[in-house]
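The next block is run.txt, given as compact mmCIF, C-alpha atoms.
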# COMPACT_ATOMS: atom_id res chain seq x y z
CA MET A 1 -94.29 246.93 71.85
CA LYS A 2 -92.89 247.36 75.36
CA PHE A 3 -90.13 249.93 75.59
CA LYS A 4 -86.80 248.99 77.12
CA ASN A 5 -83.27 250.27 77.63
CA LYS A 6 -84.50 253.81 78.28
CA LYS A 7 -83.10 256.19 80.87
CA ILE A 8 -85.78 257.53 83.18
CA LEU A 9 -85.15 260.30 85.71
CA LEU A 10 -87.81 260.21 88.40
CA ILE A 11 -88.35 263.25 90.64
CA ILE A 12 -90.37 262.25 93.69
CA GLY A 13 -92.47 265.04 95.17
CA GLY A 14 -94.08 265.59 98.54
CA GLY A 15 -97.50 263.96 98.49
CA ILE A 16 -99.09 260.84 99.89
CA ALA A 17 -99.04 259.37 96.35
CA ALA A 18 -95.23 259.36 96.48
CA TYR A 19 -95.31 255.71 97.53
CA LYS A 20 -96.59 254.84 94.03
CA ALA A 21 -93.20 255.87 92.68
CA LEU A 22 -91.85 252.59 94.07
CA ASP A 23 -94.34 250.58 92.01
CA LEU A 24 -93.44 252.57 88.90
CA ILE A 25 -89.75 251.89 89.47
CA ARG A 26 -90.49 248.16 89.71
CA LEU A 27 -92.39 248.28 86.39
CA LEU A 28 -89.65 250.22 84.64
CA LYS A 29 -86.89 247.95 85.94
CA LYS A 30 -88.90 244.83 85.04
CA HIS A 31 -88.66 245.93 81.39
CA ASN A 32 -84.92 246.62 81.55
CA ASN A 33 -85.03 250.40 81.83
CA GLU A 34 -82.51 252.33 83.90
CA VAL A 35 -83.92 254.60 86.58
CA LYS A 36 -82.28 257.40 88.54
CA SER A 37 -84.12 259.44 91.10
CA ILE A 38 -84.20 262.78 92.85
CA LEU A 39 -85.99 262.80 96.19
CA THR A 40 -87.28 266.23 97.20
CA LYS A 41 -87.15 267.39 100.81
CA SER A 42 -90.93 267.02 101.18
CA GLY A 43 -90.89 263.70 99.30
CA ARG A 44 -88.57 262.36 101.98
CA GLU A 45 -91.50 262.57 104.40
CA PHE A 46 -93.29 259.81 102.48
CA VAL A 47 -90.58 257.50 101.07
CA THR A 48 -86.99 256.84 102.11
CA PRO A 49 -83.79 257.13 100.05
CA LEU A 50 -82.96 253.52 101.02
CA SER A 51 -86.16 252.08 99.53
CA ILE A 52 -85.62 254.01 96.27
CA THR A 53 -81.94 253.07 96.00
CA THR A 54 -82.76 249.41 96.68
CA LEU A 55 -85.18 249.34 93.74
CA THR A 56 -83.30 251.53 91.26
CA LYS A 57 -79.84 250.08 92.03
CA ASN A 58 -78.65 253.70 91.69
CA LYS A 59 -77.84 256.47 94.09
CA THR A 60 -80.78 258.60 95.20
CA PHE A 61 -79.94 262.29 94.69
CA GLU A 62 -81.16 264.87 97.17
CA ASP A 63 -78.92 267.95 97.42
CA VAL A 64 -77.71 270.46 94.81
CA PHE A 65 -74.21 270.40 96.27
CA ASP A 66 -73.32 266.83 97.16
CA LYS A 67 -69.86 266.22 98.62
CA ASP A 68 -70.12 262.54 97.66
CA THR A 69 -70.56 263.30 93.95
CA ASP A 70 -67.51 263.49 91.73
CA ALA A 71 -66.65 266.45 89.57
CA GLU A 72 -69.91 266.15 87.62
CA ILE A 73 -72.46 268.90 88.17
CA ASP A 74 -75.60 266.95 89.11
CA HIS A 75 -78.20 269.29 87.65
CA ILE A 76 -76.48 269.25 84.26
CA SER A 77 -75.35 265.63 84.14
CA LEU A 78 -78.71 264.25 85.28
CA SER A 79 -80.73 266.34 82.84
CA ARG A 80 -78.50 265.28 79.94
CA TRP A 81 -78.45 261.62 81.00
CA ALA A 82 -82.23 261.14 80.95
CA ASP A 83 -84.42 260.27 77.96
CA ILE A 84 -87.39 261.75 79.85
CA ILE A 85 -87.97 263.30 83.28
CA ILE A 86 -91.04 262.42 85.36
CA VAL A 87 -92.27 264.38 88.38
CA LEU A 88 -94.42 262.16 90.58
CA PRO A 89 -96.50 263.29 92.36
CA THR A 90 -96.54 266.86 91.02
CA THR A 91 -97.98 269.00 93.80
CA ALA A 92 -99.67 272.39 93.45
CA ASN A 93 -96.68 273.98 95.18
CA PHE A 94 -94.20 272.32 92.82
CA MET A 95 -96.17 273.52 89.78
CA THR A 96 -96.02 277.06 91.15
CA LYS A 97 -92.23 276.83 91.41
CA LEU A 98 -91.97 275.58 87.83
CA SER A 99 -94.30 278.24 86.45
CA LEU A 100 -92.10 280.90 88.08
CA GLY A 101 -88.92 279.31 86.73
CA LYS A 102 -87.45 278.74 90.18
CA ALA A 103 -84.20 276.80 90.68
CA GLU A 104 -84.04 276.58 94.47
CA ASP A 105 -83.15 272.91 94.90
CA LEU A 106 -81.82 270.00 92.86
CA ALA A 107 -85.23 269.01 91.44
CA THR A 108 -86.18 272.47 90.13
CA THR A 109 -82.62 273.17 88.96
CA VAL A 110 -82.49 269.93 86.93
CA ILE A 111 -85.81 270.76 85.30
CA LEU A 112 -84.79 274.32 84.43
CA ALA A 113 -81.50 273.05 82.98
CA SER A 114 -83.09 270.19 81.05
CA ASN A 115 -83.26 269.81 77.28
CA LYS A 116 -85.57 266.77 77.54
CA ASP A 117 -89.34 266.37 77.78
CA ILE A 118 -90.72 266.62 81.31
CA LEU A 119 -93.85 264.69 82.29
CA LEU A 120 -95.83 266.09 85.23
CA VAL A 121 -98.15 263.69 87.05
CA PRO A 122 -100.32 265.85 89.35
CA ALA A 123 -101.91 264.70 92.59
CA MET A 124 -103.74 266.96 95.04
CA ASN A 125 -107.08 267.72 96.67
CA VAL A 126 -109.84 268.40 94.14
CA ARG A 127 -110.30 272.00 95.39
CA MET A 128 -106.59 272.65 94.99
CA TRP A 129 -106.65 271.30 91.44
CA ILE A 130 -109.63 273.36 90.25
CA HIS A 131 -108.43 276.54 91.97
CA LYS A 132 -107.88 279.37 89.48
CA ALA A 133 -104.27 279.80 90.58
CA THR A 134 -103.48 276.13 89.91
CA GLN A 135 -105.23 276.17 86.54
CA LYS A 136 -103.34 279.32 85.59
CA ASN A 137 -100.09 277.50 86.41
CA VAL A 138 -101.21 274.49 84.33
CA LYS A 139 -101.78 276.77 81.31
CA THR A 140 -98.38 278.39 81.81
CA LEU A 141 -96.62 275.03 82.04
CA LEU A 142 -98.41 273.69 78.97
CA ASP A 143 -97.26 276.81 77.16
CA TYR A 144 -93.68 276.08 78.28
CA GLY A 145 -93.97 272.63 76.72
CA TYR A 146 -94.41 270.46 79.83
CA LEU A 147 -96.33 267.21 79.37
CA PHE A 148 -99.23 266.31 81.67
CA LEU A 149 -100.79 262.99 82.64
CA GLY A 150 -103.87 263.26 84.84
CA PRO A 151 -105.09 263.92 87.43
CA GLU A 152 -108.03 261.53 87.41
CA LYS A 153 -111.34 261.43 89.21
CA GLY A 154 -111.49 259.22 92.26
CA GLU A 155 -111.39 259.01 96.04
CA MET A 156 -108.36 260.72 97.53
CA ALA A 157 -106.39 260.18 100.72
CA CYS A 158 -108.20 263.10 102.36
CA GLY A 159 -111.50 261.26 101.90
CA GLU A 160 -112.94 263.60 99.27
CA TYR A 161 -113.93 262.53 95.77
CA GLY A 162 -113.14 264.38 92.56
CA GLU A 163 -110.46 265.26 90.04
CA GLY A 164 -107.08 265.20 91.73
CA LYS A 165 -106.15 261.54 92.06
CA MET A 166 -102.76 260.63 90.60
CA SER A 167 -102.62 258.34 87.56
CA SER A 168 -101.65 254.79 88.42
CA PRO A 169 -98.14 253.42 87.76
CA LYS A 170 -99.64 251.17 85.03
CA LYS A 171 -101.14 254.19 83.24
CA ILE A 172 -97.86 256.07 83.54
CA PHE A 173 -96.03 253.08 82.09
CA SER A 174 -98.57 252.87 79.24
CA TYR A 175 -98.09 256.59 78.54
CA LEU A 176 -94.31 256.12 78.40
CA GLU A 177 -94.71 253.10 76.15
CA ASN A 178 -96.73 255.17 73.66
CA TYR A 179 -94.32 258.11 74.01
CA PHE A 180 -91.22 256.08 73.16
CA ASN A 181 -92.91 253.99 70.48
CA LYS A 182 -93.89 257.15 68.61
CA ARG A 183 -90.38 258.53 68.83
CA ASN A 184 -88.83 255.24 67.77
CA LEU A 185 -91.14 255.19 64.78
CA ILE A 186 -90.22 258.79 63.85
CA LYS A 187 -86.53 257.96 64.18
CA LYS A 188 -86.84 254.69 62.25
CA ARG A 189 -88.77 256.30 59.39
CA ARG A 190 -86.55 259.41 59.46
CA ILE A 191 -89.54 261.72 59.22
CA LYS A 192 -88.66 265.16 57.91
CA ALA A 193 -90.63 268.39 57.88
CA LEU A 194 -90.33 271.86 56.45
CA VAL A 195 -92.03 274.88 57.98
CA THR A 196 -92.35 278.31 56.40
CA ALA A 197 -92.77 281.33 58.65
CA GLY A 198 -92.84 285.10 58.73
CA PRO A 199 -93.52 287.67 56.02
CA THR A 200 -91.83 288.17 52.68
CA ARG A 201 -90.72 291.51 51.28
CA GLU A 202 -91.22 292.49 47.64
CA TYR A 203 -89.04 295.53 46.90
CA LEU A 204 -90.07 298.52 44.78
CA ASP A 205 -86.64 300.09 45.14
CA PRO A 206 -83.69 299.70 47.56
CA VAL A 207 -85.68 301.09 50.53
CA ARG A 208 -89.40 300.48 49.85
CA TYR A 209 -91.21 297.16 49.79
CA ILE A 210 -94.61 295.44 49.99
CA SER A 211 -95.03 293.25 53.08
CA ASN A 212 -97.39 292.44 55.95
CA GLU A 213 -97.62 292.28 59.75
CA SER A 214 -96.51 288.67 60.27
CA SER A 215 -93.93 288.24 63.04
CA GLY A 216 -93.10 284.62 62.16
CA LYS A 217 -93.72 283.46 65.72
CA GLN A 218 -96.47 280.89 65.05
CA GLY A 219 -94.42 279.18 62.35
CA TYR A 220 -91.31 279.21 64.53
CA GLU A 221 -93.22 277.66 67.45
CA ILE A 222 -94.57 274.92 65.16
CA ALA A 223 -91.04 274.17 63.93
CA GLN A 224 -89.91 273.85 67.56
CA ALA A 225 -92.86 271.62 68.46
CA LEU A 226 -92.18 269.26 65.54
CA SER A 227 -88.48 269.18 66.38
CA ARG A 228 -89.26 268.24 70.01
CA LEU A 229 -91.19 265.24 68.69
CA GLY A 230 -87.98 264.02 67.07
CA ILE A 231 -88.88 265.14 63.54
CA LYS A 232 -85.98 266.55 61.53
CA THR A 233 -87.28 270.03 60.80
CA THR A 234 -86.18 272.79 58.45
CA LEU A 235 -87.50 276.30 59.10
CA ILE A 236 -87.63 278.68 56.13
CA THR A 237 -88.35 282.17 57.42
CA GLY A 238 -88.77 285.67 56.12
CA PRO A 239 -87.47 288.79 57.93
CA SER A 240 -88.11 288.49 61.66
CA ASN A 241 -86.92 289.82 65.01
CA LEU A 242 -87.06 286.35 66.57
CA ILE A 243 -83.97 284.59 67.88
CA PHE A 244 -83.87 281.07 66.45
CA LYS A 245 -82.47 278.05 68.30
CA LYS A 246 -79.48 276.28 66.82
CA GLU A 247 -81.21 272.90 67.09
CA ILE A 248 -83.48 273.79 64.17
CA LYS A 249 -82.01 274.12 60.69
CA THR A 250 -83.02 277.64 59.67
CA LYS A 251 -82.90 279.24 56.25
CA ASN A 252 -83.42 282.99 56.07
CA ILE A 253 -85.00 284.50 52.99
CA VAL A 254 -86.47 287.87 51.99
CA THR A 255 -88.69 287.49 48.93
CA ALA A 256 -91.42 285.02 48.02
CA ASN A 257 -89.32 283.68 45.17
CA GLU A 258 -86.39 283.04 47.54
CA MET A 259 -88.75 281.18 49.88
CA PHE A 260 -90.05 279.10 46.97
CA GLU A 261 -86.52 278.15 45.91
CA GLU A 262 -85.59 277.10 49.46
CA VAL A 263 -88.78 275.04 49.74
CA LYS A 264 -87.88 273.17 46.53
CA LYS A 265 -84.35 272.54 47.84
CA SER A 266 -85.80 271.08 51.08
CA LEU A 267 -87.90 268.45 49.30
CA PRO A 268 -88.66 265.63 49.68
CA VAL A 269 -90.23 265.79 53.15
CA GLU A 270 -93.12 263.96 54.80
CA ILE A 271 -94.63 267.10 56.33
CA ALA A 272 -94.91 270.66 54.98
CA VAL A 273 -96.41 273.38 57.18
CA CYS A 274 -96.84 276.68 55.32
CA ALA A 275 -97.35 279.21 58.11
CA ALA A 276 -95.61 282.07 56.28
CA ALA A 277 -97.60 285.10 55.19
CA VAL A 278 -96.23 285.17 51.66
CA SER A 279 -96.89 288.30 49.61
CA ASP A 280 -99.39 287.45 46.88
CA PHE A 281 -98.02 290.11 44.55
CA LYS A 282 -94.67 291.62 43.61
CA PRO A 283 -93.67 294.68 41.58
CA LEU A 284 -92.96 293.76 37.98
CA LYS A 285 -90.16 296.31 37.91
CA ILE A 286 -87.67 297.04 40.71
CA SER A 287 -85.88 300.37 40.53
CA LYS A 288 -82.12 300.26 41.12
CA ASN A 289 -82.30 303.70 42.72
CA LYS A 290 -84.65 305.12 45.31
CA LEU A 291 -87.82 306.30 43.63
CA ARG A 292 -88.62 309.97 44.01
CA LYS A 293 -91.94 311.08 45.45
CA GLU A 294 -92.81 312.62 42.14
CA ASP A 295 -92.26 309.30 40.37
CA LEU A 296 -94.47 307.44 42.81
CA ALA A 297 -97.20 310.07 42.58
CA THR A 298 -97.38 310.19 38.79
CA ASN A 299 -96.73 306.52 37.88
CA SER A 300 -98.73 303.43 38.78
CA ILE A 301 -96.95 300.42 40.20
CA ARG A 302 -97.53 297.34 38.08
CA LEU A 303 -97.82 294.13 40.06
CA GLY A 304 -97.52 290.49 39.12
CA LYS A 305 -98.51 287.35 41.02
CA ASN A 306 -96.03 285.44 43.15
CA ILE A 307 -96.05 281.66 42.91
CA ASP A 308 -98.41 280.01 45.39
CA ILE A 309 -96.10 277.83 47.50
CA VAL A 310 -98.91 275.98 49.28
CA GLU A 311 -100.60 275.11 46.00
CA TYR A 312 -97.28 274.03 44.49
CA LEU A 313 -96.74 271.59 47.36
CA GLY A 314 -100.34 270.34 47.39
CA LYS A 315 -100.37 269.61 43.66
CA ASN A 316 -96.77 268.44 43.28
CA ASN A 317 -97.11 265.02 41.67
CA ARG A 318 -93.46 264.07 42.13
CA TYR A 319 -92.47 265.42 45.55
CA ARG A 320 -95.79 266.05 47.27
CA PRO A 321 -95.36 265.72 51.05
CA LYS A 322 -97.53 263.09 52.70
CA LEU A 323 -99.11 265.94 54.69
CA VAL A 324 -99.52 269.50 53.39
CA VAL A 325 -100.71 272.03 55.96
CA GLY A 326 -101.70 275.52 54.89
CA PHE A 327 -102.64 278.63 56.84
CA ALA A 328 -105.51 281.01 56.13
CA ALA A 329 -105.35 284.46 57.72
CA GLU A 330 -108.85 285.90 57.30
CA THR A 331 -110.79 289.01 58.32
CA GLU A 332 -114.25 287.66 57.33
CA ASN A 333 -116.03 284.45 56.31
CA LEU A 334 -113.33 282.41 58.03
CA ASN A 335 -114.94 278.97 57.65
CA LYS A 336 -116.04 279.47 54.06
CA ASN A 337 -112.67 280.84 52.93
CA ALA A 338 -110.71 278.16 54.81
CA VAL A 339 -112.67 275.29 53.25
CA ALA A 340 -112.29 276.84 49.78
CA LYS A 341 -108.53 277.16 50.29
CA LEU A 342 -108.30 273.57 51.51
CA ARG A 343 -109.86 272.30 48.28
CA GLU A 344 -108.29 274.73 45.82
CA LYS A 345 -104.75 274.10 47.02
CA ASN A 346 -105.21 270.36 47.65
CA CYS A 347 -104.13 270.60 51.30
CA ASP A 348 -104.62 267.96 53.97
CA LEU A 349 -105.19 270.53 56.70
CA ILE A 350 -105.91 274.27 56.76
CA ILE A 351 -105.28 276.26 59.94
CA ALA A 352 -107.38 279.40 59.89
CA ASN A 353 -107.31 282.42 62.17
CA ASP A 354 -109.17 285.73 62.25
CA VAL A 355 -106.47 288.41 61.98
CA SER A 356 -108.98 291.22 62.45
CA LYS A 357 -108.96 290.57 66.20
CA LYS A 358 -106.61 292.87 68.09
CA ASP A 359 -105.74 290.48 70.95
CA SER A 360 -104.33 287.66 68.83
CA GLY A 361 -102.84 286.82 65.42
CA PHE A 362 -100.26 289.07 63.78
CA ASN A 363 -97.69 290.69 66.09
CA SER A 364 -99.09 288.95 69.16
CA ASP A 365 -97.89 286.17 71.45
CA TYR A 366 -101.42 284.77 71.30
CA ASN A 367 -103.54 283.11 68.64
CA ARG A 368 -106.89 281.38 68.22
CA VAL A 369 -107.27 278.92 65.36
CA SER A 370 -109.68 276.55 63.65
CA ILE A 371 -108.22 273.47 61.96
CA PHE A 372 -110.05 272.09 58.91
CA ASP A 373 -109.47 268.76 57.17
CA GLY A 374 -110.85 267.18 54.01
CA SER A 375 -113.49 265.14 55.86
CA GLY A 376 -115.22 268.29 57.05
CA LYS A 377 -113.95 267.97 60.62
CA ILE A 378 -113.17 271.24 62.41
CA GLN A 379 -111.05 271.46 65.55
CA VAL A 380 -111.15 274.77 67.39
CA ILE A 381 -108.30 275.87 69.68
CA LYS A 382 -109.38 278.81 71.80
CA LYS A 383 -107.17 281.82 72.48
CA ASN A 384 -103.86 280.75 73.95
CA LYS A 385 -100.12 281.29 73.64
CA LYS A 386 -98.74 280.51 70.18
CA SER A 387 -96.36 277.99 71.73
CA PHE A 388 -99.30 276.09 73.28
CA ILE A 389 -101.19 276.15 69.98
CA ALA A 390 -98.05 274.94 68.16
CA ASN A 391 -97.79 271.91 70.46
CA LYS A 392 -101.43 271.03 69.74
CA ILE A 393 -100.93 271.47 65.99
CA ALA A 394 -97.83 269.25 66.07
CA GLU A 395 -99.76 266.50 67.87
CA ILE A 396 -102.60 266.71 65.32
CA ILE A 397 -100.16 266.62 62.41
CA LEU A 398 -98.30 263.57 63.72
CA LYS A 399 -101.52 261.72 64.52
CA LYS A 400 -102.92 262.38 61.04
CA LEU A 401 -99.66 261.33 59.40
CA LEU A 402 -99.53 258.04 61.30
CA VAL A 403 -103.22 257.28 60.71
CA ASN A 404 -103.31 258.20 57.01
CA ASP A 405 -100.09 256.58 55.89
CA ARG A 406 -100.10 252.80 56.38
CA SER A 407 -96.38 252.62 55.70
CA PHE A 408 -95.84 254.22 59.13
CA ASN A 409 -97.85 251.58 60.95

Can the structure from this file be put into structure tokens for me?
Amino acid sequence: MKFKNKKILLIIGGGIAAYKALDLIRLLKKHNNEVKSILTKSGREFVTPLSITTLTKNKTFEDVFDKDTDAEIDHISLSRWADIIIVLPTTANFMTKLSLGKAEDLATTVILASNKDILLVPAMNVRMWIHKATQKNVKTLLDYGYLFLGPEKGEMACGEYGEGKMSSPKKIFSYLENYFNKRNLIKKRRIKALVTAGPTREYLDPVRYISNESSGKQGYEIAQALSRLGIKTTLITGPSNLIFKKEIKTKNIVTANEMFEEVKKSLPVEIAVCAAAVSDFKPLKISKNKLRKEDLATNSIRLGKNIDIVEYLGKNNRYRPKLVVGFAAETENLNKNAVAKLREKNCDLIIANDVSKKDSGFNSDYNRVSIFDGSGKIQVIKKNKKSFIANKIAEIILKKLLVNDRSFN
């Protein structure tokens, strides 16, 4: 289904492929979408404000401080107006500015101030694209949550052949069509998700407790990634030093039992992602007063099992989510243990990571995971920022939900 009545903000960069922006504008306008544009200083060398304004039927913005603009602050009003922002062509220099978080002109200021998805459409010489500095910037921008389309292999304006050619206006339009159709479907079906994150604490007395090294960051990043897709997401988190965004409904808990109760209250949902490192055991007796060293030395601590939240969700006949995703933090036999957990708890996906590695996992900004499903398929995501991994996990979850459940099609 062709998308229409969307608000597209087009930032035109400084590359020979800038002329293709005019064809994209024609396509967007043909399907009754509104287009506004920002023409960068270098972009002005390739296309004119007059040609853009003629096609968009809107003013072409160029300067941060524009005496002809009313009281509105352009970089705020434009970023809030748009349904999506597209940078075309995205040059190597522009990517460097974005990776550094620069706000030196209207284009970079709008992007930094934006609360919308930003699609980068790169175009440059093949050597520039494969350069380590450019690829480092790409990884950084993916980690920040930027979307990428292309570049493609082909003959470039410089005469060389290779990866660096900008995606065609038709492919960009097709990408946008898929992007908005997915979000319309999510909105129409009112897809909801719950995500658990962080550790739990099981107290022995008012000051001592059993817990683990989980920071809650991977679960939090997954909640953000699902929310960005338009999914109404509830985050249920144990004690953490993270600062949570107001856009995500967050419920703070301490113990495993409190987390379980909040999970039950959040049902029904279509998606449940159990990223929390829930304590398997709890003391059977909690002392009202601080235990003395002598008491701890001479008496054993009796432990009982906590309820298994993942298993409860996977085997819940009444309110089972359409997709149950569990996590397996392992120090050995990762594949074997992950597959066993997938079957035992009746999950749709298990995301496993080796927490024995010092450079990723618990208390790290990085992770490396393997994703298992019931068909025996394994997807490996190499070491990367947890935010990048969360975006990939969210994409996999949504794809599996839409494919598996015919009611969404």

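Here CA of Gln379 (chain A) is placed at a distance of 20.6 Å from CA of Leu147 (chain A).
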
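A straight line drawn from CA of Asp205 (chain A) to CA of Met259 (chain A) is 19.6 Å long.
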
task: Could you jot down the CA of Ile85 (chain A) to CA of Gly154 (chain A) separation for me, Å, one decimal place?
output: 25.5 Å

- prompt: Which one of A:Ile253, A:Leu142, A:Val273, A:Val324 sits closest to Val195 (chain A) if you count all atoms listed in the file?
  reply: A:Val273

- request: Can you pull out every residue within 12 Å of Lys282 (chain A), counting only C-alpha atoms, but drop anything in the same chain fewer than 5 positions away, and send it as number ranges by chain?
  value: A: 200-205, 209-211, 255-257, 301-307
